[in-house]
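**Student:** Take this structure first; my questions come after.
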Amino acid sequence: MMIQNQMPIFQQLAFKICDNIVEGRYQVNSRIPSVRELAADCEVNPNTVVKSYEWLTNNQIIYNKRGIGYFVSENAVSLILDLRRKQFTEQYLPTIFKAMEQLSMDISQVVELYNQYIKSKQ
């Protein structure tokens with residue numbers, strides 16, 4: 001995993017686990033790597049992984065079976081998508097809207113660009 005300076009490492013680890021859940025690499029009720037496994041794989045301090053797992057647990061994305069490990073929650077995907085939509089709405093949309101205003105673009109132009117983007121992916 002490439003560590004980025006803009007975001008705390010524990011948060012980067014949590015987001016990577018969320019990516020793996022959304023992309024289906026970790027299924028509902030499946031075990032995720034132990035604290036030590038993930039710390040060794042990512043070359044980070046185990047306390048950093050613990051902090052990531054605490055964040056994920058507090059957001060009900062994973063749960064702990066004491067002595068067995070951490071597992072993906074039943075509604076993890078929908079919770080992750082809700083968190084990401086909220087982040088997108090609060091973090092990215094204001095910047096996009098400001099740029100649209102500065103460029104005198106209206107929403108119909110953005111919709112057209114989005115439709116072109118979708119067509120190019122097919």
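Each chain in the structure tokens gets a letter, A, B and so on, in the order shown; residues start at 1 in every chain, and ligands are counted from 1 in the order they appear.
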Would you write out, as JSON lines, a table of all residues in region 2-22 of chain A that have an atom no more than 10 Å from an atom of region 59-75 of chain A, listing for each the closest atom pair and the distance in Å to one decimal, considering only C-alpha atoms and ordering rows by chain and rising residue number?

**Tutor:**
```
{"residue": "A:Ala14", "atom": "CA", "partner": "A:Ile61", "partner_atom": "CA", "distance": 9.8}
{"residue": "A:Ile17", "atom": "CA", "partner": "A:Ile61", "partner_atom": "CA", "distance": 9.7}
{"residue": "A:Cys18", "atom": "CA", "partner": "A:Ile61", "partner_atom": "CA", "distance": 8.1}
{"residue": "A:Ile21", "atom": "CA", "partner": "A:Val72", "partner_atom": "CA", "distance": 7.7}
```

**Student:** Got time to write the residues from that selection, N, CA and C atoms, as a tab-separated table (two decimals), in the first residue's frame?

**Tutor:**
```tsv
chain	number	residue	atom	x	y	z
A	14	ALA	N	-8.03	2.07	6.85
A	14	ALA	CA	-9.47	1.86	6.96
A	14	ALA	C	-10.14	2.00	5.59
A	17	ILE	N	-9.43	-1.04	3.42
A	17	ILE	CA	-10.29	-2.16	3.80
A	17	ILE	C	-11.69	-1.94	3.25
A	18	CYS	N	-12.18	-0.71	3.34
A	18	CYS	CA	-13.50	-0.39	2.77
A	18	CYS	C	-13.52	-0.66	1.27
A	21	ILE	N	-13.89	-4.30	0.71
A	21	ILE	CA	-15.25	-4.76	1.01
A	21	ILE	C	-16.18	-4.41	-0.15
```

**Student:** Please list as an MDAnalysis selection string every residue within 9 Å of Thr48 (chain A), counting only C-alpha atoms and excluding residues in the same chain fewer than 5 positions away.

**Tutor:** chainID A and resid 9:10 13 35 39 53

**Student:** Just the number, please: distance in Å from CA of Thr95 (chain A) to CA of Ser52 (chain A), one decimal.

**Tutor:**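 Atom-to-atom, CA of Thr95 (chain A) to CA of Ser52 (chain A), that is 27.9 Å.
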
**Student:** Could you pull out the alpha helix (DSSP H) residues of chain A from DSSP and send them as number ranges by chain?

**Tutor:** A: 9-22, 35-42, 46-58, 76-87, 93-102, 107-121

**Student:** As an exercise, work out the distance from CA of Val50 (chain A) to CA of Asp82 (chain A) in Å and give it to one decimal place.

**Tutor:**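 Here the two named atoms are 23.2 Å from each other.
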
**Student:** Would you return as number ranges by chain the members of chain A that DSSP assigns to strand (DSSP E or B) on this structure's backbone?

**Tutor:** A: 31, 62-65, 69-72

**Student:** May I ask for the distance between CA of Gln109 (chain A) and CA of Leu93 (chain A), given in Å to one decimal place?

**Tutor:**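 A separation of 15.6 Å between them.
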
**Student:** With only C-alpha atoms as the atoms that count, which of A:Ser108, A:Gln6, A:Ser78, A:Asn45 lies nearest to Val22 (chain A)?

**Tutor:**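 That would be A:Ser78, the residue with the smallest distance to Val22 (chain A).
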